[in-house]
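A.B. asks: So here's start-v4.cif (mmCIF, N, CA and C atoms).
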```cif
data_structure
#
loop_
_atom_site.label_atom_id
_atom_site.label_comp_id
_atom_site.auth_asym_id
_atom_site.auth_seq_id
_atom_site.Cartn_x
_atom_site.Cartn_y
_atom_site.Cartn_z
N MET A 1 -32.36 -33.43 -25.94
CA MET A 1 -31.80 -32.18 -25.49
C MET A 1 -31.34 -32.32 -24.05
N MET A 2 -30.14 -31.86 -23.76
CA MET A 2 -29.59 -31.99 -22.42
C MET A 2 -29.80 -30.71 -21.64
N GLU A 3 -30.23 -30.85 -20.40
CA GLU A 3 -30.40 -29.68 -19.55
C GLU A 3 -29.11 -29.45 -18.78
N TYR A 4 -28.75 -28.18 -18.64
CA TYR A 4 -27.51 -27.84 -17.95
C TYR A 4 -27.55 -28.22 -16.48
N GLY A 5 -28.67 -28.04 -15.86
CA GLY A 5 -28.77 -28.30 -14.43
C GLY A 5 -28.61 -29.76 -14.07
N SER A 6 -28.96 -30.66 -14.97
CA SER A 6 -28.94 -32.07 -14.61
C SER A 6 -27.54 -32.68 -14.69
N SER A 7 -26.80 -32.42 -15.76
CA SER A 7 -25.51 -33.09 -15.91
C SER A 7 -24.32 -32.18 -15.60
N LEU A 8 -24.48 -30.89 -15.74
CA LEU A 8 -23.37 -29.96 -15.50
C LEU A 8 -23.65 -29.12 -14.26
N ASN A 9 -23.70 -29.76 -13.15
CA ASN A 9 -23.96 -29.06 -11.90
C ASN A 9 -22.64 -28.60 -11.30
N PHE A 10 -22.28 -27.34 -11.53
CA PHE A 10 -20.99 -26.81 -11.07
C PHE A 10 -20.96 -26.55 -9.57
N SER A 11 -22.09 -26.54 -8.94
CA SER A 11 -22.09 -26.32 -7.50
C SER A 11 -22.07 -27.65 -6.74
N ASN A 12 -21.71 -28.70 -7.39
CA ASN A 12 -21.61 -30.02 -6.78
C ASN A 12 -20.51 -30.00 -5.73
N ASN A 13 -20.85 -30.42 -4.53
CA ASN A 13 -19.89 -30.38 -3.42
C ASN A 13 -18.65 -31.21 -3.68
N GLU A 14 -18.81 -32.36 -4.32
CA GLU A 14 -17.65 -33.22 -4.60
C GLU A 14 -16.69 -32.54 -5.57
N GLU A 15 -17.22 -31.87 -6.58
CA GLU A 15 -16.37 -31.15 -7.53
C GLU A 15 -15.65 -29.99 -6.84
N GLU A 16 -16.39 -29.28 -5.99
CA GLU A 16 -15.78 -28.16 -5.27
C GLU A 16 -14.66 -28.63 -4.36
N LYS A 17 -14.87 -29.74 -3.68
CA LYS A 17 -13.84 -30.28 -2.81
C LYS A 17 -12.61 -30.68 -3.61
N GLY A 18 -12.83 -31.27 -4.78
CA GLY A 18 -11.72 -31.67 -5.63
C GLY A 18 -10.91 -30.47 -6.09
N VAL A 19 -11.60 -29.41 -6.46
CA VAL A 19 -10.91 -28.19 -6.91
C VAL A 19 -10.16 -27.58 -5.74
N GLU A 20 -10.78 -27.53 -4.57
CA GLU A 20 -10.12 -26.97 -3.39
C GLU A 20 -8.87 -27.77 -3.04
N GLU A 21 -8.97 -29.08 -3.10
CA GLU A 21 -7.81 -29.91 -2.78
C GLU A 21 -6.71 -29.74 -3.81
N GLU A 22 -7.11 -29.64 -5.09
CA GLU A 22 -6.12 -29.54 -6.16
C GLU A 22 -5.45 -28.17 -6.20
N PHE A 23 -6.22 -27.11 -6.01
CA PHE A 23 -5.69 -25.76 -6.18
C PHE A 23 -5.68 -24.95 -4.89
N GLY A 24 -6.19 -25.48 -3.81
CA GLY A 24 -6.28 -24.74 -2.56
C GLY A 24 -4.95 -24.23 -2.06
N ASP A 25 -3.94 -25.09 -2.04
CA ASP A 25 -2.62 -24.67 -1.57
C ASP A 25 -2.02 -23.63 -2.50
N GLU A 26 -2.26 -23.80 -3.79
CA GLU A 26 -1.74 -22.85 -4.77
C GLU A 26 -2.37 -21.47 -4.57
N TYR A 27 -3.70 -21.44 -4.35
CA TYR A 27 -4.38 -20.18 -4.11
C TYR A 27 -3.87 -19.55 -2.82
N LYS A 28 -3.69 -20.37 -1.80
CA LYS A 28 -3.22 -19.86 -0.52
C LYS A 28 -1.83 -19.26 -0.66
N GLU A 29 -0.95 -19.91 -1.43
CA GLU A 29 0.39 -19.39 -1.67
C GLU A 29 0.33 -18.07 -2.43
N ASP A 30 -0.55 -18.00 -3.42
CA ASP A 30 -0.71 -16.76 -4.18
C ASP A 30 -1.19 -15.64 -3.27
N GLU A 31 -2.15 -15.93 -2.41
CA GLU A 31 -2.66 -14.93 -1.48
C GLU A 31 -1.57 -14.46 -0.53
N GLU A 32 -0.75 -15.39 -0.05
CA GLU A 32 0.33 -15.03 0.85
C GLU A 32 1.36 -14.16 0.14
N ARG A 33 1.69 -14.50 -1.11
CA ARG A 33 2.62 -13.68 -1.89
C ARG A 33 2.05 -12.29 -2.12
N ASP A 34 0.76 -12.23 -2.45
CA ASP A 34 0.12 -10.93 -2.65
C ASP A 34 0.15 -10.11 -1.37
N LEU A 35 -0.13 -10.76 -0.25
CA LEU A 35 -0.11 -10.07 1.03
C LEU A 35 1.28 -9.56 1.36
N GLN A 36 2.29 -10.37 1.12
CA GLN A 36 3.67 -9.94 1.36
C GLN A 36 4.03 -8.77 0.46
N ALA A 37 3.62 -8.82 -0.79
CA ALA A 37 3.92 -7.73 -1.72
C ALA A 37 3.23 -6.45 -1.29
N LEU A 38 1.99 -6.56 -0.84
CA LEU A 38 1.26 -5.37 -0.36
C LEU A 38 1.91 -4.80 0.88
N ARG A 39 2.32 -5.66 1.80
CA ARG A 39 2.99 -5.18 3.01
C ARG A 39 4.30 -4.47 2.67
N LYS A 40 5.04 -5.03 1.72
CA LYS A 40 6.29 -4.40 1.30
C LYS A 40 6.00 -3.04 0.67
N ALA A 41 4.98 -2.96 -0.17
CA ALA A 41 4.61 -1.70 -0.80
C ALA A 41 4.22 -0.66 0.24
N VAL A 42 3.50 -1.08 1.27
CA VAL A 42 3.10 -0.16 2.33
C VAL A 42 4.33 0.34 3.09
N ARG A 43 5.27 -0.58 3.39
CA ARG A 43 6.50 -0.17 4.09
C ARG A 43 7.28 0.85 3.26
N ILE A 44 7.39 0.59 1.97
CA ILE A 44 8.11 1.51 1.09
C ILE A 44 7.42 2.88 1.06
N GLN A 45 6.11 2.88 0.93
CA GLN A 45 5.37 4.14 0.90
C GLN A 45 5.50 4.90 2.22
N ARG A 46 5.43 4.19 3.33
CA ARG A 46 5.58 4.85 4.63
C ARG A 46 6.96 5.47 4.77
N GLU A 47 7.98 4.78 4.29
CA GLU A 47 9.34 5.32 4.35
C GLU A 47 9.45 6.57 3.47
N ARG A 48 8.84 6.53 2.30
CA ARG A 48 8.85 7.71 1.43
C ARG A 48 8.13 8.89 2.09
N VAL A 49 7.02 8.62 2.72
CA VAL A 49 6.27 9.68 3.40
C VAL A 49 7.10 10.24 4.55
N ARG A 50 7.76 9.36 5.29
CA ARG A 50 8.60 9.80 6.41
C ARG A 50 9.72 10.71 5.91
N LYS A 51 10.38 10.31 4.83
CA LYS A 51 11.47 11.12 4.26
C LYS A 51 10.94 12.46 3.74
N ALA A 52 9.79 12.43 3.10
CA ALA A 52 9.20 13.67 2.59
C ALA A 52 8.85 14.62 3.73
N CYS A 53 8.33 14.07 4.82
CA CYS A 53 8.00 14.90 5.99
C CYS A 53 9.25 15.52 6.61
N LEU A 54 10.32 14.73 6.69
CA LEU A 54 11.58 15.26 7.22
C LEU A 54 12.11 16.39 6.33
N GLU A 55 12.06 16.18 5.03
CA GLU A 55 12.53 17.21 4.10
C GLU A 55 11.66 18.47 4.20
N LEU A 56 10.37 18.27 4.30
CA LEU A 56 9.45 19.40 4.44
C LEU A 56 9.72 20.18 5.72
N GLU A 57 9.94 19.47 6.81
CA GLU A 57 10.23 20.13 8.09
C GLU A 57 11.55 20.89 8.01
N THR A 58 12.55 20.32 7.36
CA THR A 58 13.84 21.00 7.20
C THR A 58 13.66 22.30 6.42
N LYS A 59 12.91 22.24 5.35
CA LYS A 59 12.66 23.44 4.54
C LYS A 59 11.83 24.46 5.30
N ARG A 60 10.87 23.98 6.08
CA ARG A 60 10.05 24.90 6.86
C ARG A 60 10.89 25.66 7.88
N LEU A 61 11.80 24.95 8.53
CA LEU A 61 12.69 25.59 9.50
C LEU A 61 13.62 26.60 8.82
N ALA A 62 14.09 26.26 7.63
CA ALA A 62 14.96 27.19 6.89
C ALA A 62 14.21 28.46 6.52
N VAL A 63 12.97 28.31 6.06
CA VAL A 63 12.16 29.46 5.69
C VAL A 63 11.85 30.30 6.92
N ALA A 64 11.56 29.67 8.03
CA ALA A 64 11.28 30.40 9.26
C ALA A 64 12.50 31.20 9.69
N SER A 65 13.67 30.61 9.54
CA SER A 65 14.91 31.30 9.89
C SER A 65 15.13 32.53 9.01
N VAL A 66 14.91 32.35 7.71
CA VAL A 66 15.06 33.47 6.78
C VAL A 66 14.04 34.56 7.11
N ALA A 67 12.83 34.18 7.43
CA ALA A 67 11.79 35.16 7.78
C ALA A 67 12.20 35.94 9.03
N ASN A 68 12.75 35.26 10.03
CA ASN A 68 13.20 35.94 11.25
C ASN A 68 14.33 36.91 10.95
N GLU A 69 15.28 36.49 10.13
CA GLU A 69 16.39 37.38 9.76
C GLU A 69 15.88 38.59 8.99
N THR A 70 14.93 38.37 8.09
CA THR A 70 14.35 39.48 7.32
C THR A 70 13.65 40.47 8.23
N MET A 71 12.88 39.96 9.17
CA MET A 71 12.18 40.84 10.12
C MET A 71 13.18 41.61 10.98
N ALA A 72 14.27 40.96 11.36
CA ALA A 72 15.30 41.66 12.15
C ALA A 72 15.92 42.78 11.33
N MET A 73 16.19 42.54 10.07
CA MET A 73 16.75 43.60 9.21
C MET A 73 15.76 44.75 9.04
N ILE A 74 14.50 44.43 8.83
CA ILE A 74 13.47 45.45 8.69
C ILE A 74 13.41 46.29 9.95
N MET A 75 13.42 45.66 11.10
CA MET A 75 13.37 46.38 12.39
C MET A 75 14.59 47.30 12.54
N GLN A 76 15.73 46.79 12.14
CA GLN A 76 16.96 47.57 12.24
C GLN A 76 16.91 48.78 11.30
N LEU A 77 16.44 48.57 10.08
CA LEU A 77 16.32 49.68 9.15
C LEU A 77 15.32 50.72 9.61
N GLN A 78 14.24 50.27 10.22
CA GLN A 78 13.21 51.22 10.69
C GLN A 78 13.75 52.05 11.86
N SER A 79 14.60 51.48 12.67
CA SER A 79 15.12 52.23 13.83
C SER A 79 16.20 53.24 13.43
N GLU A 80 16.78 53.10 12.26
CA GLU A 80 17.83 54.02 11.81
C GLU A 80 17.27 55.29 11.25
#
```
In C-alpha coordinates, how does this file's structure come out?

C.D. replies:
Amino acid sequence: MMEYGSSLNFSNNEEEKGVEEEFGDEYKEDEERDLQALRKAVRIQRERVRKACLELETKRLAVASVANETMAMIMQLQSE
(Lines of atoms letter the chains of each structure in order from A and count residues from 1; the text may use other names and numbers.)
(Lines give C-alpha, C1' and ligand atoms only; values in the text may rest on other atoms or scores of the structure.)
Protein backbone atom coordinates (compact mmCIF):
# COMPACT_ATOMS: atom_id res chain seq x y z
CA MET A 1 0.00 0.00 0.00
CA MET A 2 1.38 3.39 -0.98
CA GLU A 3 1.11 6.37 1.33
CA TYR A 4 0.26 9.69 -0.25
CA GLY A 5 2.67 11.66 1.86
CA SER A 6 5.71 9.65 0.87
CA SER A 7 5.60 9.61 -2.93
CA LEU A 8 3.07 12.32 -3.83
CA ASN A 9 4.35 15.28 -1.90
CA PHE A 10 2.73 18.24 -3.68
CA SER A 11 4.37 20.76 -1.42
CA ASN A 12 7.80 19.76 -2.69
CA ASN A 13 9.83 22.91 -3.30
CA GLU A 14 11.38 21.58 -6.51
CA GLU A 15 7.95 20.85 -8.00
CA GLU A 16 6.67 24.27 -6.95
CA LYS A 17 9.65 25.98 -8.54
CA GLY A 18 9.09 24.03 -11.75
CA VAL A 19 5.44 25.04 -11.88
CA GLU A 20 6.31 28.67 -11.14
CA GLU A 21 8.92 28.71 -13.88
CA GLU A 22 6.63 26.99 -16.37
CA PHE A 23 3.45 28.96 -15.67
CA GLY A 24 4.64 31.99 -13.70
CA ASP A 25 4.86 34.32 -16.68
CA GLU A 26 1.52 33.09 -17.96
CA TYR A 27 -0.15 33.77 -14.60
CA LYS A 28 1.49 37.18 -14.42
CA GLU A 29 0.20 38.04 -17.91
CA ASP A 30 -3.29 36.88 -16.95
CA GLU A 31 -3.18 39.02 -13.81
CA GLU A 32 -2.02 42.03 -15.81
CA ARG A 33 -4.82 41.52 -18.36
CA ASP A 34 -7.35 41.19 -15.54
CA LEU A 35 -6.01 44.34 -13.92
CA GLN A 36 -6.21 46.25 -17.20
CA ALA A 37 -9.76 45.03 -17.76
CA LEU A 38 -10.78 46.08 -14.25
CA ARG A 39 -9.20 49.51 -14.70
CA LYS A 40 -11.03 49.95 -18.00
CA ALA A 41 -14.32 48.90 -16.36
CA VAL A 42 -13.76 51.42 -13.56
CA ARG A 43 -13.03 54.20 -16.09
CA ILE A 44 -16.20 53.37 -18.00
CA GLN A 45 -18.28 53.32 -14.83
CA ARG A 46 -16.83 56.62 -13.64
CA GLU A 47 -17.65 58.21 -16.99
CA ARG A 48 -21.21 56.89 -16.78
CA VAL A 49 -21.57 58.27 -13.26
CA ARG A 50 -20.18 61.63 -14.38
CA LYS A 51 -22.67 61.81 -17.27
CA ALA A 52 -25.55 60.77 -15.01
CA CYS A 53 -24.60 63.48 -12.50
CA LEU A 54 -24.49 66.11 -15.25
CA GLU A 55 -27.90 65.03 -16.53
CA LEU A 56 -29.30 65.03 -13.01
CA GLU A 57 -27.95 68.53 -12.35
CA THR A 58 -29.42 69.78 -15.64
CA LYS A 59 -32.83 68.39 -14.72
CA ARG A 60 -32.58 69.78 -11.20
CA LEU A 61 -31.89 73.25 -12.56
CA ALA A 62 -34.82 72.96 -14.98
CA VAL A 63 -37.17 71.94 -12.16
CA ALA A 64 -35.92 74.77 -9.97
CA SER A 65 -36.57 77.21 -12.80
CA VAL A 66 -40.11 75.91 -13.29
CA ALA A 67 -40.72 76.11 -9.54
CA ASN A 68 -39.55 79.75 -9.48
CA GLU A 69 -41.80 80.63 -12.43
CA THR A 70 -44.75 78.89 -10.75
CA MET A 71 -44.17 80.78 -7.51
CA ALA A 72 -43.96 84.06 -9.45
CA MET A 73 -47.30 83.32 -11.13
CA ILE A 74 -48.89 82.42 -7.80
CA MET A 75 -47.62 85.67 -6.27
CA GLN A 76 -48.95 87.64 -9.23
CA LEU A 77 -52.36 85.99 -9.01
CA GLN A 78 -52.55 86.61 -5.28
CA SER A 79 -51.80 90.31 -5.72
CA GLU A 80 -54.61 90.75 -8.29

A.B. asks: CA of Asp34 (chain A) and CA of Cys53 (chain A) are how many Å apart?

C.D. replies: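 That distance, rounded to one decimal, is 28.4 Å.
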
A.B. asks: One decimal, Å: what's the distance from CA of Glu31 (chain A) over to atom N of Val49 (chain A), could you say?

C.D. replies: 25.8 Å

A.B. asks: Please compute the CA of Glu80 (chain A)-CA of Leu61 (chain A) distance, one decimal, in Å.

C.D. replies: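 Taking CA of Glu80 (chain A) and CA of Leu61 (chain A), their separation equals 29.0 Å.
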